[in-house]
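Structure first, then comments.
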Amino acid sequence: MIDRIARILSDHSAILPTELYNEGWMLRLVLDWYSRRPGSDGRALFEQDARWFSEGRLSSQFLSRYRGDKLAETHTHTDGVVGHFDIAQRSEVRPQSGATQLLVLEAKLASKLSSGTTRAPGYDQAARSVACLAHVAGEAGIAPGSLSSFGFWVFAPRKRLKEFTSLATTESVKAKVRKRVDQFGDDKIEWYNGIFLPHLESMSVGTMAWEDLLDAMEAEGAGTEFREFYQECCTYANL
């Protein structure tokens, strides 16, 4: 059956090529490769015994408080999570006791980070993901600064990287999460000061070019097949 699925995915007369050649599959291939080589180089993504998961969900500090809550939001969907965690019902990511790593990764080709939500315009995807990351760490009882690898990163084509660098910064995230908190009056200030800010101070937030990841992989003997797949992804994304 797996061979049949592989044949279907490679048959462009049967399905759209973008069902295979997209940022989601590019991220899965990269994470699978790195997961088998922990500590292989300075860009290694995986700590000892870490795992990865695609399309996991992060809980939020701003979930509905009551029926009809007009300020509420739902769980945040992630392209990829790396670290020490379990997957609960409905693909919810829950950090493990004693975790040392928790990374949220966003994969981009032609698309942008979402600019906000219906109930919180300007609360962009980077700010929301980081806020949820701090929330789940706090819920799990993880002390600020205790994770040696903790953060949010956007992977994007090198020629588009500048479009994300102004959003994927601690300064941008801090301001936008504070604005979101202010929507609730005093209800969320204690969480913001006691949980969010201390965790944010220990996070890495930034961007990385797909090409840099591929260069590092090839230097470790990955071969050219990953770059060839990436080039196909860029072709079908009209990049």
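Residue numbering restarts at 1 for every chain of the structure tokens, chains are lettered A, B, ... in their displayed order, and ligands are numbered from 1 as they appear.
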If you run DSSP on the backbone, which residues of segment 7-235 of chain A are strand (DSSP E), as a ChimeraX atom specification?
/A:51-54,57-58,76-77,80-83,85-87,93-95,101-107,116-117,120-121,149-156,204-209
Go through segment 90-177 of chain A and flag each residue having an atom no more than 10 Å from segment 189-206 of chain A; for those, report the closest pair of atoms plus their distance in Å to one decimal, using only C-alpha atoms, ordered by chain and rising number, as a Markdown table.
```
| residue | atom | partner | partner_atom | distance |
| --- | --- | --- | --- | --- |
| A:Leu102 | CA | A:Met203 | CA | 9.7 |
| A:Leu103 | CA | A:Ser204 | CA | 9.0 |
| A:Val104 | CA | A:Val205 | CA | 9.7 |
| A:Ala126 | CA | A:Val205 | CA | 8.9 |
| A:Val130 | CA | A:Leu200 | CA | 7.8 |
| A:Ala131 | CA | A:Phe196 | CA | 6.8 |
| A:Cys132 | CA | A:Phe196 | CA | 9.2 |
| A:Leu133 | CA | A:His199 | CA | 8.8 |
| A:Ala134 | CA | A:Phe196 | CA | 5.5 |
| A:His135 | CA | A:Phe196 | CA | 7.0 |
| A:Ala137 | CA | A:His199 | CA | 8.1 |
| A:Gly138 | CA | A:Ile195 | CA | 6.2 |
| A:Glu139 | CA | A:Ile195 | CA | 9.4 |
| A:Ile142 | CA | A:His199 | CA | 9.3 |
| A:Ala143 | CA | A:His199 | CA | 8.1 |
| A:Pro144 | CA | A:His199 | CA | 4.8 |
| A:Gly145 | CA | A:Ser202 | CA | 5.2 |
| A:Ser146 | CA | A:Ser202 | CA | 8.5 |
| A:Leu147 | CA | A:Ser202 | CA | 8.0 |
| A:Ser148 | CA | A:Ser202 | CA | 8.7 |
| A:Ser149 | CA | A:Met203 | CA | 7.8 |
| A:Phe150 | CA | A:Met203 | CA | 5.2 |
| A:Gly151 | CA | A:Ser204 | CA | 4.5 |
| A:Phe152 | CA | A:Val205 | CA | 4.9 |
| A:Trp153 | CA | A:Gly206 | CA | 5.0 |
| A:Val154 | CA | A:Gly206 | CA | 6.5 |
| A:Phe155 | CA | A:Gly206 | CA | 9.0 |
| A:Phe164 | CA | A:Gly206 | CA | 8.4 |
| A:Thr165 | CA | A:Gly206 | CA | 6.7 |
| A:Ser166 | CA | A:Gly206 | CA | 9.1 |
| A:Leu167 | CA | A:Gly206 | CA | 8.5 |
| A:Ala168 | CA | A:Gly206 | CA | 4.9 |
| A:Thr169 | CA | A:Val205 | CA | 5.5 |
| A:Thr170 | CA | A:Val205 | CA | 6.2 |
| A:Glu171 | CA | A:Val205 | CA | 9.8 |
| A:Val173 | CA | A:Leu200 | CA | 8.9 |
| A:Lys174 | CA | A:Leu197 | CA | 7.8 |
| A:Val177 | CA | A:Tyr192 | CA | 8.3 |
```
What's the separation between atom CA of Glu47 of chain A and atom CA of Ser91 of chain A, in Å to one decimal place?
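Value for the atom CA of Glu47 of chain A-atom CA of Ser91 of chain A distance: 21.9 Å.
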Which parts of segment 5-210 of chain A does DSSP call helix (DSSP H, G or I) when run on the backbone here, written out as an MDAnalysis selection string?
chainID A and resid 5:10 17:19 23:35 89:91 125:139 158:160 162:165 170:182 189:201 210
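Nearest-residue note for Arg180 of chain A: choosing from A:Gly223, A:Pro121, A:Tyr230, A:Ala156, the minimum distance belongs to A:Pro121, counting only C-alpha atoms.
Among the candidates A:Lys176, A:Arg90, A:Lys159, A:Arg128, the residue lying nearest to Gln61 of chain A is A:Arg128 (atoms considered: only C-alpha atoms).
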Ranking A:Thr117, A:Phe85, A:Trp33, A:Lys112 by minimum distance to Glu73 of chain A and counting only C-alpha atoms, which one comes first?
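Between A:Thr117, A:Phe85, A:Trp33, A:Lys112, the residue approaching Glu73 of chain A most closely is A:Thr117.
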Quick one: residues within 9 Å of Leu63 of chain A, only C-alpha atoms, excluding same-chain residues fewer than 2 positions away - as a VMD selection string?
chain A and resid 59 to 61 65 69 71 to 75
Lys70 of chain A: which residues within 10 Å, counting only C-alpha atoms, same-chain residues fewer than 6 positions away excluded, as JSON, numbers by chain?
{"A": [64, 118, 119]}
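Of note, atom CA of Leu105 of chain A and atom CA of Thr78 of chain A are spaced 7.0 Å apart.
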With a distance cut-off of 10 Å and only C-alpha atoms, select the neighbouring residues of segment 16-25 of chain A, excluding the residue or stretch itself and same-chain residues fewer than 3 positions from it, and output the selection as a PyMOL selection string.
chain A and resi 6+8-13+28-31+54-55+79-80+106-111+155-156+229-237
Write out the residues from the selection above, keeping N, CA and C atoms, as a short mmCIF file (atom, residue, chain, number, x, y, z; two decimals), in the first residue's frame.
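Contents of part_23.cif, freshly written:
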```
data_model
loop_
_atom_site.label_atom_id
_atom_site.label_comp_id
_atom_site.auth_asym_id
_atom_site.auth_seq_id
_atom_site.Cartn_x
_atom_site.Cartn_y
_atom_site.Cartn_z
N ALA A 6 3.05 6.05 -2.93
CA ALA A 6 4.21 6.72 -3.54
C ALA A 6 4.00 6.90 -5.04
N ILE A 8 1.12 7.18 -6.61
CA ILE A 8 0.10 8.21 -6.81
C ILE A 8 0.70 9.60 -6.63
N LEU A 9 1.51 9.77 -5.58
CA LEU A 9 2.10 11.08 -5.32
C LEU A 9 3.03 11.53 -6.45
N SER A 10 3.64 10.58 -7.12
CA SER A 10 4.56 10.94 -8.21
C SER A 10 3.87 11.04 -9.56
N ASP A 11 2.59 10.73 -9.61
CA ASP A 11 1.84 10.77 -10.88
C ASP A 11 1.14 12.12 -11.01
N HIS A 12 1.75 13.05 -11.73
CA HIS A 12 1.20 14.39 -11.84
C HIS A 12 -0.05 14.46 -12.72
N SER A 13 -0.34 13.37 -13.41
CA SER A 13 -1.59 13.34 -14.19
C SER A 13 -2.77 12.95 -13.33
N ARG A 28 9.05 18.08 6.60
CA ARG A 28 9.08 16.70 7.10
C ARG A 28 10.35 15.98 6.68
N LEU A 29 10.76 16.18 5.43
CA LEU A 29 11.99 15.54 4.95
C LEU A 29 13.21 16.04 5.71
N VAL A 30 13.28 17.36 5.92
CA VAL A 30 14.41 17.93 6.65
C VAL A 30 14.44 17.43 8.09
N LEU A 31 13.29 17.44 8.76
CA LEU A 31 13.25 16.99 10.15
C LEU A 31 13.57 15.51 10.27
N SER A 54 4.53 16.59 13.01
CA SER A 54 4.01 17.53 12.02
C SER A 54 2.54 17.82 12.28
N GLU A 55 2.18 19.09 12.18
CA GLU A 55 0.78 19.51 12.32
C GLU A 55 0.24 19.35 13.73
N ASP A 79 3.42 23.87 11.91
CA ASP A 79 3.93 23.04 10.81
C ASP A 79 4.80 21.93 11.37
N GLY A 80 5.58 22.24 12.39
CA GLY A 80 6.43 21.22 12.98
C GLY A 80 6.82 21.58 14.40
N GLU A 106 7.92 26.95 11.58
CA GLU A 106 6.96 27.36 10.57
C GLU A 106 7.64 27.28 9.21
N ALA A 107 7.03 26.56 8.28
CA ALA A 107 7.61 26.35 6.96
C ALA A 107 6.90 27.21 5.93
N LYS A 108 7.68 27.97 5.16
CA LYS A 108 7.10 28.86 4.15
C LYS A 108 7.81 28.68 2.81
N LEU A 109 7.04 28.83 1.74
CA LEU A 109 7.58 28.95 0.39
C LEU A 109 7.07 30.26 -0.21
N ALA A 110 5.84 30.24 -0.73
CA ALA A 110 5.28 31.45 -1.35
C ALA A 110 4.36 32.22 -0.41
N SER A 111 3.83 31.54 0.61
CA SER A 111 2.85 32.19 1.48
C SER A 111 3.52 33.07 2.53
N PHE A 155 11.27 28.86 8.56
CA PHE A 155 12.11 28.43 7.44
C PHE A 155 11.48 28.96 6.16
N ALA A 156 12.26 29.66 5.36
CA ALA A 156 11.73 30.27 4.14
C ALA A 156 12.84 30.35 3.09
N PHE A 229 14.45 18.18 -4.54
CA PHE A 229 13.06 18.24 -4.10
C PHE A 229 12.67 19.68 -3.80
N TYR A 230 13.55 20.40 -3.12
CA TYR A 230 13.28 21.81 -2.81
C TYR A 230 13.09 22.64 -4.07
N GLN A 231 13.90 22.39 -5.07
CA GLN A 231 13.77 23.13 -6.32
C GLN A 231 12.44 22.85 -6.99
N GLU A 232 11.96 21.60 -6.90
CA GLU A 232 10.64 21.28 -7.42
C GLU A 232 9.56 22.04 -6.65
N CYS A 233 9.72 22.10 -5.33
CA CYS A 233 8.76 22.85 -4.50
C CYS A 233 8.71 24.31 -4.94
N CYS A 234 9.87 24.91 -5.16
CA CYS A 234 9.93 26.32 -5.57
C CYS A 234 9.31 26.51 -6.95
N THR A 235 9.52 25.55 -7.83
CA THR A 235 8.95 25.64 -9.17
C THR A 235 7.43 25.68 -9.11
N TYR A 236 6.85 24.77 -8.36
CA TYR A 236 5.39 24.69 -8.28
C TYR A 236 4.79 25.80 -7.41
N ALA A 237 5.63 26.45 -6.60
CA ALA A 237 5.17 27.62 -5.83
C ALA A 237 5.37 28.92 -6.60
#
```
